[in-house]
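**Q** My structure file coords-v8.tsv, TSV, C-alpha atoms and all ligand atoms, is below:
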chain	number	residue	atom	x	y	z
A	1	MET	CA	85.38	106.72	105.67
A	2	THR	CA	86.10	110.20	104.25
A	3	ALA	CA	83.63	110.59	101.44
A	4	ILE	CA	84.05	113.63	99.21
A	5	THR	CA	81.08	115.68	100.29
A	6	ASN	CA	81.64	118.52	97.84
A	7	SER	CA	79.75	117.59	94.69
A	8	ALA	CA	81.37	120.25	92.48
A	9	THR	CA	82.50	118.83	89.16
A	10	TYR	CA	84.16	120.11	85.99
A	11	ARG	CA	84.17	118.89	82.43
A	12	LEU	CA	87.04	116.65	81.37
A	13	GLY	CA	86.37	115.71	77.77
A	14	ASP	CA	83.00	113.99	77.58
A	15	ARG	CA	83.00	113.35	81.33
A	16	CYS	CA	82.36	115.50	84.37
A	17	VAL	CA	84.71	114.61	87.20
A	18	LYS	CA	84.76	115.72	90.82
A	19	ARG	CA	87.13	118.59	91.36
A	20	MET	CA	88.99	116.57	94.02
A	21	GLY	CA	90.89	113.69	92.41
A	22	TYR	CA	94.05	111.75	93.15
A	23	GLY	CA	97.56	111.74	91.65
A	24	ALA	CA	99.25	108.33	91.73
A	25	MET	CA	102.89	109.36	91.29
A	26	GLN	CA	103.76	108.83	94.97
A	27	LEU	CA	102.77	105.15	94.85
A	28	ALA	CA	106.05	103.96	93.33
A	29	GLY	CA	109.24	103.65	95.35
A	30	PRO	CA	111.53	106.51	96.44
A	31	GLY	CA	112.25	108.88	93.57
A	32	VAL	CA	109.16	107.51	91.75
A	33	PHE	CA	111.33	104.49	90.97
A	34	GLY	CA	110.92	100.82	91.75
A	35	PRO	CA	108.32	99.11	93.93
A	36	PRO	CA	106.56	100.89	96.80
A	37	LYS	CA	108.03	100.67	100.28
A	38	ASP	CA	104.63	99.44	101.51
A	39	ARG	CA	102.72	97.67	98.75
A	40	PRO	CA	99.57	96.87	100.79
A	41	GLU	CA	99.36	100.56	101.77
A	42	ALA	CA	99.67	101.59	98.10
A	43	ILE	CA	96.79	99.28	97.17
A	44	ALA	CA	94.81	100.59	100.15
A	45	VAL	CA	95.35	104.20	99.05
A	46	LEU	CA	93.86	103.44	95.63
A	47	ARG	CA	90.89	101.50	96.99
A	48	THR	CA	90.21	104.11	99.68
A	49	ALA	CA	90.25	106.83	97.04
A	50	ILE	CA	87.58	105.06	95.00
A	51	GLU	CA	85.51	104.12	98.07
A	52	SER	CA	85.62	107.78	99.08
A	53	GLY	CA	84.22	108.92	95.75
A	54	VAL	CA	87.33	109.84	93.75
A	55	ASP	CA	86.50	109.53	90.06
A	56	HIS	CA	89.69	110.99	88.52
A	57	ILE	CA	93.14	109.42	88.86
A	58	ASP	CA	96.27	110.82	87.27
A	59	THR	CA	99.11	108.44	86.43
A	60	SER	CA	101.87	107.62	83.96
A	61	ASP	CA	103.59	104.49	82.79
A	62	PHE	CA	106.91	106.17	83.58
A	63	TYR	CA	106.07	106.12	87.30
A	64	GLY	CA	107.99	103.10	88.53
A	65	PRO	CA	108.29	102.65	85.52
A	66	HIS	CA	105.15	100.56	84.86
A	67	ILE	CA	104.69	99.83	88.58
A	68	THR	CA	102.17	102.57	89.36
A	69	ASN	CA	99.94	101.55	86.46
A	70	GLN	CA	100.22	97.90	87.50
A	71	LEU	CA	99.20	98.84	91.06
A	72	ILE	CA	96.19	100.74	89.70
A	73	ARG	CA	95.18	97.70	87.66
A	74	GLU	CA	95.64	95.32	90.59
A	75	ALA	CA	93.73	97.54	93.01
A	76	LEU	CA	90.92	98.76	90.81
A	77	ALA	CA	90.30	96.61	87.71
A	78	PRO	CA	87.64	96.03	86.55
A	79	TYR	CA	87.40	99.79	86.77
A	80	PRO	CA	84.29	101.61	87.99
A	81	ARG	CA	82.36	103.01	85.02
A	82	ASP	CA	82.61	106.56	86.31
A	83	LEU	CA	86.40	106.47	86.86
A	84	THR	CA	88.42	108.67	84.52
A	85	ILE	CA	92.07	107.62	84.26
A	86	VAL	CA	94.44	110.23	82.88
A	87	THR	CA	97.97	109.31	81.88
A	88	LYS	CA	100.91	111.17	80.43
A	89	ILE	CA	103.54	110.32	77.86
A	90	GLY	CA	106.83	111.90	76.80
A	91	ALA	CA	109.51	110.28	78.96
A	92	VAL	CA	111.01	106.95	79.95
A	93	ARG	CA	113.30	105.98	82.83
A	94	ASP	CA	116.85	104.75	82.69
A	95	GLU	CA	118.14	101.90	84.83
A	96	LYS	CA	119.04	104.30	87.66
A	97	GLY	CA	115.69	106.05	87.68
A	98	GLY	CA	116.76	109.03	85.57
A	99	TRP	CA	114.02	110.72	83.54
A	100	ILE	CA	114.84	110.49	79.83
A	101	PRO	CA	112.83	112.40	77.21
A	102	ALA	CA	111.02	110.01	74.86
A	103	PHE	CA	109.27	112.59	72.77
A	104	ALA	CA	109.67	111.28	69.22
A	105	PRO	CA	106.41	110.18	67.55
A	106	ALA	CA	107.40	106.48	67.57
A	107	GLN	CA	108.26	106.68	71.28
A	108	LEU	CA	104.93	108.36	72.03
A	109	THR	CA	103.13	105.56	70.22
A	110	ASP	CA	105.04	102.97	72.26
A	111	ALA	CA	104.13	104.85	75.45
A	112	VAL	CA	100.41	104.74	74.67
A	113	HIS	CA	100.63	100.98	74.12
A	114	ASP	CA	102.60	100.60	77.38
A	115	ASN	CA	99.84	102.44	79.25
A	116	LEU	CA	97.11	100.36	77.63
A	117	ARG	CA	98.88	97.13	78.48
A	118	ASN	CA	99.81	97.96	82.08
A	119	LEU	CA	96.44	99.47	82.91
A	120	ASP	CA	94.67	96.68	80.99
A	121	LEU	CA	92.56	99.10	78.98
A	122	ASP	CA	91.39	99.10	75.34
A	123	VAL	CA	91.16	102.88	75.29
A	124	ILE	CA	92.66	105.52	77.58
A	125	ASP	CA	90.31	108.26	78.78
A	126	VAL	CA	92.83	111.11	78.58
A	127	VAL	CA	96.46	111.20	77.46
A	128	ASN	CA	98.52	114.26	78.34
A	129	LEU	CA	101.41	114.97	76.01
A	130	ARG	CA	104.13	115.96	78.51
A	131	ILE	CA	106.18	118.44	76.51
A	132	MET	CA	109.88	117.65	76.88
A	133	ILE	CA	111.53	120.41	74.81
A	134	ASP	CA	113.11	121.40	78.14
A	135	PRO	CA	112.23	118.71	80.70
A	136	HIS	CA	112.56	121.10	83.63
A	137	HIS	CA	110.85	124.31	82.50
A	138	PRO	CA	108.09	124.95	79.99
A	139	ALA	CA	109.93	126.07	76.87
A	140	GLU	CA	108.69	127.39	73.56
A	141	GLY	CA	108.99	125.22	70.48
A	142	SER	CA	106.75	123.45	68.00
A	143	ILE	CA	104.86	120.36	69.15
A	144	GLU	CA	103.21	119.78	65.79
A	145	ALA	CA	104.88	116.48	64.88
A	146	GLU	CA	104.45	115.00	68.36
A	147	LEU	CA	100.85	116.08	68.87
A	148	THR	CA	99.91	114.96	65.36
A	149	ALA	CA	101.20	111.49	66.26
A	150	VAL	CA	99.05	111.46	69.41
A	151	ALA	CA	96.03	112.70	67.44
A	152	ASP	CA	96.57	109.79	65.03
A	153	LEU	CA	96.32	107.38	67.96
A	154	GLN	CA	93.11	109.13	68.98
A	155	ARG	CA	91.72	108.58	65.46
A	156	GLN	CA	92.66	104.90	65.78
A	157	GLY	CA	90.45	104.75	68.89
A	158	LEU	CA	93.24	104.18	71.44
A	159	ILE	CA	92.76	107.54	73.18
A	160	ARG	CA	89.48	109.25	74.01
A	161	HIS	CA	90.82	112.73	74.81
A	162	ILE	CA	94.10	114.64	74.62
A	163	GLY	CA	95.64	117.14	77.02
A	164	LEU	CA	98.94	118.98	77.24
A	165	SER	CA	101.38	119.13	80.14
A	166	HIS	CA	104.27	121.51	80.75
A	167	ALA	CA	102.78	123.70	78.04
A	168	THR	CA	103.03	127.39	77.19
A	169	PRO	CA	100.03	129.41	75.95
A	170	THR	CA	101.57	129.41	72.45
A	171	GLN	CA	101.80	125.61	72.46
A	172	ILE	CA	98.22	125.30	73.70
A	173	ALA	CA	97.09	127.50	70.80
A	174	GLN	CA	99.14	125.42	68.38
A	175	GLY	CA	97.72	122.26	69.89
A	176	ARG	CA	94.12	123.42	69.49
A	177	ALA	CA	94.70	123.77	65.75
A	178	ILE	CA	95.61	120.06	65.64
A	179	CYS	CA	93.08	118.48	68.02
A	180	ASP	CA	90.74	119.25	70.89
A	181	ILE	CA	92.74	119.93	74.08
A	182	VAL	CA	90.59	118.97	77.07
A	183	CYS	CA	93.04	119.81	79.87
A	184	VAL	CA	96.34	121.45	80.68
A	185	GLN	CA	98.56	120.05	83.44
A	186	ASN	CA	101.26	122.48	84.60
A	187	GLN	CA	103.02	123.24	87.87
A	188	TYR	CA	100.94	125.57	90.03
A	189	ASN	CA	100.25	126.06	93.72
A	190	LEU	CA	99.91	128.77	96.38
A	191	ALA	CA	103.56	129.72	96.03
A	192	HIS	CA	104.10	129.06	92.32
A	193	ARG	CA	101.65	131.16	90.38
A	194	GLY	CA	103.20	131.66	86.96
A	195	ASP	CA	100.07	130.30	85.26
A	196	ASP	CA	97.58	132.74	86.79
A	197	ALA	CA	96.65	134.37	83.48
A	198	LEU	CA	96.60	131.03	81.67
A	199	ILE	CA	94.19	129.54	84.21
A	200	ASP	CA	91.76	132.40	83.66
A	201	ASP	CA	92.05	132.04	79.86
A	202	LEU	CA	91.38	128.31	80.06
A	203	ALA	CA	88.40	128.90	82.38
A	204	ARG	CA	86.89	131.23	79.77
A	205	ALA	CA	87.40	128.48	77.16
A	206	GLY	CA	85.88	125.81	79.42
A	207	THR	CA	89.13	123.86	79.57
A	208	ALA	CA	90.24	122.06	82.73
A	209	TYR	CA	93.48	123.12	84.41
A	210	VAL	CA	95.11	120.41	86.53
A	211	PRO	CA	97.96	121.73	88.68
A	212	TYR	CA	100.79	119.35	89.38
A	213	PHE	CA	102.73	119.74	92.64
A	214	PRO	CA	99.57	121.22	94.26
A	215	LEU	CA	101.21	120.66	97.66
A	216	GLY	CA	104.68	121.67	96.47
A	217	GLY	CA	105.69	118.23	95.19
A	218	PHE	CA	109.20	117.23	96.26
A	219	ASN	CA	109.48	120.48	98.26
A	220	PRO	CA	106.27	120.58	100.32
A	221	LEU	CA	104.77	124.04	100.75
A	222	GLN	CA	106.02	125.86	103.84
A	223	SER	CA	104.81	129.30	104.81
A	224	ALA	CA	104.18	131.08	108.08
A	225	ILE	CA	100.96	132.54	106.63
A	226	LEU	CA	99.76	129.11	105.55
A	227	SER	CA	100.52	127.61	108.97
A	228	ALA	CA	98.79	130.49	110.78
A	229	VAL	CA	95.66	130.25	108.63
A	230	ALA	CA	95.56	126.48	109.04
A	231	ALA	CA	95.80	126.78	112.84
A	232	GLU	CA	92.99	129.35	112.90
A	233	LEU	CA	90.76	127.12	110.79
A	234	GLY	CA	91.57	123.94	112.69
A	235	ALA	CA	92.87	122.42	109.47
A	236	THR	CA	96.29	121.33	108.23
A	237	PRO	CA	98.43	123.53	105.94
A	238	MET	CA	98.03	120.97	103.13
A	239	GLN	CA	94.24	121.11	103.43
A	240	VAL	CA	94.30	124.90	103.24
A	241	ALA	CA	96.57	124.77	100.19
A	242	LEU	CA	94.09	122.47	98.43
A	243	ALA	CA	91.05	124.49	99.49
A	244	TRP	CA	92.75	127.61	98.11
A	245	LEU	CA	93.24	125.90	94.74
A	246	LEU	CA	89.58	124.85	94.64
A	247	ARG	CA	88.62	128.43	95.39
A	248	ARG	CA	91.09	129.88	92.83
A	249	SER	CA	89.11	128.94	89.71
A	250	PRO	CA	86.22	126.58	88.91
A	251	ASN	CA	88.18	124.87	86.10
A	252	ILE	CA	90.91	123.65	88.49
A	253	LEU	CA	90.85	119.88	89.07
A	254	LEU	CA	93.01	118.60	91.93
A	255	ILE	CA	95.28	115.55	91.85
A	256	PRO	CA	97.24	115.73	95.13
A	257	GLY	CA	99.64	112.83	95.44
A	258	THR	CA	100.19	110.66	98.47
A	259	SER	CA	101.36	107.18	99.41
A	260	SER	CA	99.46	107.26	102.70
A	261	VAL	CA	95.81	106.49	103.46
A	262	ALA	CA	95.87	109.00	106.32
A	263	HIS	CA	97.14	111.79	104.05
A	264	LEU	CA	94.66	110.80	101.36
A	265	ARG	CA	91.77	111.15	103.82
A	266	GLU	CA	93.11	114.49	105.00
A	267	ASN	CA	93.41	115.75	101.43
A	268	LEU	CA	89.95	114.58	100.39
A	269	ALA	CA	88.41	116.35	103.39
A	270	ALA	CA	89.74	119.65	102.01
A	271	ALA	CA	87.05	119.47	99.31
A	272	SER	CA	84.44	120.54	101.85
A	273	MET	CA	86.37	123.51	103.24
A	274	THR	CA	85.20	127.04	102.52
A	275	LEU	CA	87.68	129.90	102.74
A	276	SER	CA	86.52	133.43	103.53
A	277	ASP	CA	87.56	136.35	101.29
A	278	ASP	CA	89.80	137.61	104.09
A	279	VAL	CA	91.62	134.27	104.34
A	280	VAL	CA	92.02	134.10	100.57
A	281	ALA	CA	93.54	137.60	100.53
A	282	ARG	CA	96.07	136.58	103.16
A	283	LEU	CA	96.94	133.37	101.31
A	284	ASN	CA	97.34	135.27	98.05
A	285	ALA	CA	100.22	137.16	99.62
A	286	ILE	CA	102.24	133.93	99.66
A	287	GLY	CA	102.46	133.96	95.89
A	288	GLY	CA	103.29	137.65	95.59
A	289	GLU	CA	101.19	140.33	94.00
A	290	HIS	CA	98.42	138.19	92.55
A	291	THR	CA	94.80	138.63	93.56
B	301	LIG	N1	102.77	116.57	84.35
B	301	LIG	C1	103.84	116.55	85.08
B	301	LIG	O1	104.94	116.86	84.63
B	301	LIG	C2	103.74	116.08	86.51
B	301	LIG	C3	104.84	116.25	87.36
B	301	LIG	C4	104.71	115.86	88.69
B	301	LIG	C5	103.52	115.30	89.15
B	301	LIG	N2	102.47	115.14	88.29
B	301	LIG	C6	101.17	114.61	88.79
B	301	LIG	O2	100.71	115.46	89.82
B	301	LIG	C7	100.35	114.68	90.97
B	301	LIG	C8	100.58	115.50	92.22
B	301	LIG	O3	101.94	115.86	92.32
B	301	LIG	P1	102.93	115.25	93.39
B	301	LIG	O4	102.37	114.01	93.98
B	301	LIG	O5	104.25	115.15	92.73
B	301	LIG	O6	103.06	116.40	94.45
B	301	LIG	P2	102.07	117.02	95.55
B	301	LIG	O7	100.71	116.45	95.41
B	301	LIG	O8	102.25	118.48	95.50
B	301	LIG	O9	102.75	116.53	96.89
B	301	LIG	C9	103.01	115.21	97.18
B	301	LIG	C10	103.89	115.20	98.43
B	301	LIG	O10	103.14	115.71	99.52
B	301	LIG	C11	103.05	114.72	100.54
B	301	LIG	N3	101.68	114.82	101.07
B	301	LIG	C12	100.53	114.54	100.44
B	301	LIG	N4	99.47	114.76	101.22
B	301	LIG	C13	99.98	115.20	102.40
B	301	LIG	C14	99.39	115.58	103.62
B	301	LIG	N5	98.06	115.59	103.78
B	301	LIG	N6	100.21	115.96	104.63
B	301	LIG	C15	101.55	115.97	104.48
B	301	LIG	N7	102.16	115.61	103.34
B	301	LIG	C16	101.38	115.22	102.30
B	301	LIG	C17	103.34	113.42	99.90
B	301	LIG	O11	103.95	112.53	100.81
B	301	LIG	P3	103.19	111.22	101.35
B	301	LIG	O12	103.25	110.20	100.26
B	301	LIG	O13	103.97	110.85	102.57
B	301	LIG	O14	101.78	111.65	101.67
B	301	LIG	C18	104.33	113.82	98.82
B	301	LIG	O15	105.63	113.91	99.35
B	301	LIG	C19	101.24	113.45	90.87
B	301	LIG	O16	100.72	112.38	91.63
B	301	LIG	C20	101.25	113.20	89.38
B	301	LIG	O17	100.12	112.43	89.03
B	301	LIG	C21	102.56	115.54	86.99
Can I see the file as structure tokens?
**A**
Amino acid sequence: MTAITNSATYRLGDRCVKRMGYGAMQLAGPGVFGPPKDRPEAIAVLRTAIESGVDHIDTSDFYGPHITNQLIREALAPYPRDLTIVTKIGAVRDEKGGWIPAFAPAQLTDAVHDNLRNLDLDVIDVVNLRIMIDPHHPAEGSIEAELTAVADLQRQGLIRHIGLSHATPTQIAQGRAICDIVCVQNQYNLAHRGDDALIDDLARAGTAYVPYFPLGGFNPLQSAILSAVAAELGATPMQVALAWLLRRSPNILLIPGTSSVAHLRENLAAASMTLSDDVVARLNAIGGEHT
């Protein structure tokens, strides 16, 4: 058993969660669509995560669709009291697995009810509004109507906390005028560092930053520097990439995704790695000029 030995936590709403969590997107079938190739393994990944001390799982009802949430319910309900489940809303899937924006207030309301039903919850710990003004790149534009609808659902008691995903600093500021924003979930990793300044701003505000694609997502991180450092440390490149994120800022919460128990164990073990300043400087070169 690979227990998370690093006890570092960070605030996520009214909870403190371990900085090493788990992202459930990889549990659905290929292309995040349909049933998993290996259903018992998917269930085992979820149970192993909890047995190992994971207390933060990221999901969405549009993974599958519905299937990932149903797997979480089957594997883990009744849920441990200290488990924080974070979902996201803003899209649906078409019959071929395409990702379709579903960003109108009525669609967002439907999505919250879909998550509640498929996870078998009365209230969702955290709902991230996945901004879909441009589905592929964070794009400026008002989110007032959409976030107000989500805040209404929070007032009704269906949502405990609200976060934003795929958000620009301007949208985060706009969002904070509407409701408390407990986390921001944007793309960020060793090689994709567009949010460096934002991460530092959020750290000063005490807001969690949850990078998606921490391992590169559909294009896994590949770098000669990363491979060389990993070999020197007797670790895998993916472990080094996660350890670098943990080192990058204390407000970063990790949700690496995997469909494999072996990869899950490998990823969780990265929580106890310590990187020297020299190693961090070399890894920083992967992302360009950042320090
Ligand atoms: N807000 C958003 O718009 C958004 C978008 C994308 C994702 N997310 C969230 O972010 C989470 C993480 O993102 P992600 O899962 O897409 O990408 P990721 O964590 O960067 O990478 C997942 C990929 O890496 C592989 N992998 C995982 N651990 C590995 C290991 N130790 N060695 C080798 N390969 C490994 C996985 O394959 P195996 O299954 O074979 O391990 C999978 O192909 C998701 O689960 C989801 O919850 C949010």
**Q** Pick the closest to ligand LIG 301 (chain B) from A:Leu129, A:Ala149, A:Ala281, A:Ile255: which is it, counting only C-alpha atoms and all ligand atoms?
**A**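 Ranking A:Leu129, A:Ala149, A:Ala281, A:Ile255 by distance to ligand LIG 301 (chain B), first place goes to A:Ile255.
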**Q** Let me have all residues with an atom within 6 Å of ligand LIG 301 (chain B), counting only C-alpha atoms and all ligand atoms, laid out as JSON, numbers by chain.
**A** {"A": [23, 24, 25, 26, 58, 59, 165, 185, 212, 213, 214, 215, 216, 217, 218, 220, 238, 255, 256, 257, 258, 259, 260, 263, 266, 267]}
**Q** Hey, can you spit out that residue selection with C-alpha atoms as a PDB file, keeping the file's coordinate frame?
**A**
ATOM      1  CA  GLY A  23      97.560 111.740  91.650  1.00  0.00           C
ATOM      2  CA  ALA A  24      99.250 108.330  91.730  1.00  0.00           C
ATOM      3  CA  MET A  25     102.890 109.360  91.290  1.00  0.00           C
ATOM      4  CA  GLN A  26     103.760 108.830  94.970  1.00  0.00           C
ATOM      5  CA  ASP A  58      96.270 110.820  87.270  1.00  0.00           C
ATOM      6  CA  THR A  59      99.110 108.440  86.430  1.00  0.00           C
ATOM      7  CA  SER A 165     101.380 119.130  80.140  1.00  0.00           C
ATOM      8  CA  GLN A 185      98.560 120.050  83.440  1.00  0.00           C
ATOM      9  CA  TYR A 212     100.790 119.350  89.380  1.00  0.00           C
ATOM     10  CA  PHE A 213     102.730 119.740  92.640  1.00  0.00           C
ATOM     11  CA  PRO A 214      99.570 121.220  94.260  1.00  0.00           C
ATOM     12  CA  LEU A 215     101.210 120.660  97.660  1.00  0.00           C
ATOM     13  CA  GLY A 216     104.680 121.670  96.470  1.00  0.00           C
ATOM     14  CA  GLY A 217     105.690 118.230  95.190  1.00  0.00           C
ATOM     15  CA  PHE A 218     109.200 117.230  96.260  1.00  0.00           C
ATOM     16  CA  PRO A 220     106.270 120.580 100.320  1.00  0.00           C
ATOM     17  CA  MET A 238      98.030 120.970 103.130  1.00  0.00           C
ATOM     18  CA  ILE A 255      95.280 115.550  91.850  1.00  0.00           C
ATOM     19  CA  PRO A 256      97.240 115.730  95.130  1.00  0.00           C
ATOM     20  CA  GLY A 257      99.640 112.830  95.440  1.00  0.00           C
ATOM     21  CA  THR A 258     100.190 110.660  98.470  1.00  0.00           C
ATOM     22  CA  SER A 259     101.360 107.180  99.410  1.00  0.00           C
ATOM     23  CA  SER A 260      99.460 107.260 102.700  1.00  0.00           C
ATOM     24  CA  HIS A 263      97.140 111.790 104.050  1.00  0.00           C
ATOM     25  CA  GLU A 266      93.110 114.490 105.000  1.00  0.00           C
ATOM     26  CA  ASN A 267      93.410 115.750 101.430  1.00  0.00           C
TER      27      ASN A 267
END
**Q** With all atoms listed in the file as the counted atoms, please give the residues lying no more than 12 Å from Gln156 of chain A, apart from itself and same-chain residues fewer than 3 positions off, as a ChimeraX atom specification.
**A** /A:109,112,122-124,149-153,159-160
**Q** Which residues, written as a list in words, have at least one atom at most 12 Å from Asn6 of chain A, with all atoms listed in the file counted and residues fewer than 5 positions away on the same chain left out?
**A**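 That gives Val17, Lys18, Arg19, Met20, Gly21, Ser52, Gly53, Val54, Ala243, Leu246, Leu268, Ala269, Ala270, Ala271, Ser272, Met273 and Thr274 of chain A.
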**Q** Using atom CA of Asp277 of chain A and atom CA of Gly206 of chain A as the two end points, give the distance in Å to one decimal.
**A**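 Separation between atom CA of Asp277 of chain A and atom CA of Gly206 of chain A: 24.3 Å.
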**Q** Which is closer to Val210 of chain A than all the others in A:Ser142, A:Gln70, A:Asn186, A:Thr9, using only C-alpha atoms?
**A** A:Asn186
**Q** With segment 187-191 of chain A as the partner and 12 Å as the cut-off, tabulate the residues of segment 118-145 of chain A that qualify, each row holding the nearest pair of atoms and their distance in Å to one decimal, using only C-alpha atoms, sorted by chain and rising number, as a Markdown table.
**A**
| residue | atom | partner | partner_atom | distance |
| --- | --- | --- | --- | --- |
| A:Arg130 | CA | A:Gln187 | CA | 11.9 |
| A:His136 | CA | A:Gln187 | CA | 10.7 |
| A:His137 | CA | A:Gln187 | CA | 9.6 |
| A:Pro138 | CA | A:Gln187 | CA | 9.5 |
**Q** Just to confirm, what's the straight-line distance from atom CA of Asp110 of chain A to atom CA of Val45 of chain A in Å (one decimal)?
**A**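 Interatomic distance here is 28.5 Å.
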**Q** Would you list the contacts of Leu76 of chain A as a PyMOL selection string, taking every protein, DNA or RNA residue within 9 Å and counting only C-alpha atoms, but skipping same-chain residues closer than 3 positions in sequence?
**A** chain A and resi 43+46-47+50+71-73+79-80
**Q** Name the closest residue to Leu283 of chain A among the candidates A:Gly175, A:Pro40, A:Pro237, A:Pro101; distances are taken between atoms, counting all atoms listed in the file.
**A**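 Among the listed residues, the smallest separation from Leu283 of chain A belongs to A:Pro237.
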**Q** Identify which of the residues A:Asp278, A:Leu254, A:Gln154, A:Ser223 lies closest to Ile57 of chain A, counting all atoms listed in the file when measuring atom-to-atom distances.
**A**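 Answer, going by the shortest atom-to-atom distance: A:Leu254.
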**Q** Just the number, please: distance in Å from atom CA of Ala139 of chain A to atom CA of Thr207 of chain A, one decimal.
**A**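 Between atom CA of Ala139 of chain A and atom CA of Thr207 of chain A the gap is 21.1 Å.
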**Q** Pick out the residues sitting within 12 Å of Asp196 of chain A, and hand them over as a list in words; count only C-alpha atoms, and ignore anything fewer than 3 positions along from it in its own chain.
**A**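 Neighbouring residues, sequence-local ones excluded: Pro169, Asn186, Gln187, Tyr188, Asn189, Leu190, Ala191, His192, Arg193, Ile199, Asp200, Asp201, Leu202, Ala203, Tyr209, Pro211, Leu245, Arg248, Ser249, Ile252, Asn284, Gly287, Gly288, Glu289, His290 and Thr291 of chain A.
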**Q** Can you write out the residues you just picked, keeping C-alpha atoms, as a PDB file, in the frame of the given file?
**A**
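What follows is the written file part_21.pdb:
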ATOM      1  CA  PRO A 169     100.030 129.410  75.950  1.00  0.00           C
ATOM      2  CA  ASN A 186     101.260 122.480  84.600  1.00  0.00           C
ATOM      3  CA  GLN A 187     103.020 123.240  87.870  1.00  0.00           C
ATOM      4  CA  TYR A 188     100.940 125.570  90.030  1.00  0.00           C
ATOM      5  CA  ASN A 189     100.250 126.060  93.720  1.00  0.00           C
ATOM      6  CA  LEU A 190      99.910 128.770  96.380  1.00  0.00           C
ATOM      7  CA  ALA A 191     103.560 129.720  96.030  1.00  0.00           C
ATOM      8  CA  HIS A 192     104.100 129.060  92.320  1.00  0.00           C
ATOM      9  CA  ARG A 193     101.650 131.160  90.380  1.00  0.00           C
ATOM     10  CA  ILE A 199      94.190 129.540  84.210  1.00  0.00           C
ATOM     11  CA  ASP A 200      91.760 132.400  83.660  1.00  0.00           C
ATOM     12  CA  ASP A 201      92.050 132.040  79.860  1.00  0.00           C
ATOM     13  CA  LEU A 202      91.380 128.310  80.060  1.00  0.00           C
ATOM     14  CA  ALA A 203      88.400 128.900  82.380  1.00  0.00           C
ATOM     15  CA  TYR A 209      93.480 123.120  84.410  1.00  0.00           C
ATOM     16  CA  PRO A 211      97.960 121.730  88.680  1.00  0.00           C
ATOM     17  CA  LEU A 245      93.240 125.900  94.740  1.00  0.00           C
ATOM     18  CA  ARG A 248      91.090 129.880  92.830  1.00  0.00           C
ATOM     19  CA  SER A 249      89.110 128.940  89.710  1.00  0.00           C
ATOM     20  CA  ILE A 252      90.910 123.650  88.490  1.00  0.00           C
ATOM     21  CA  ASN A 284      97.340 135.270  98.050  1.00  0.00           C
ATOM     22  CA  GLY A 287     102.460 133.960  95.890  1.00  0.00           C
ATOM     23  CA  GLY A 288     103.290 137.650  95.590  1.00  0.00           C
ATOM     24  CA  GLU A 289     101.190 140.330  94.000  1.00  0.00           C
ATOM     25  CA  HIS A 290      98.420 138.190  92.550  1.00  0.00           C
ATOM     26  CA  THR A 291      94.800 138.630  93.560  1.00  0.00           C
TER      27      THR A 291
END
**Q** Compile the contact shell of Val127 of chain A as a list in words: residues with an atom at most 7 Å away, counting all atoms listed in the file, same-chain residues fewer than 4 positions apart removed.
**A** Val86, Thr87, Lys88, Ile159, His161, Ile162 and Gly163 of chain A
**Q** I'd like to know which of A:Arg247, A:Arg265, A:Arg282, A:Lys37 is closest to Leu226 of chain A, using all atoms listed in the file.
**A**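 Counting all atoms listed in the file, the residue closest to Leu226 of chain A is A:Arg282.
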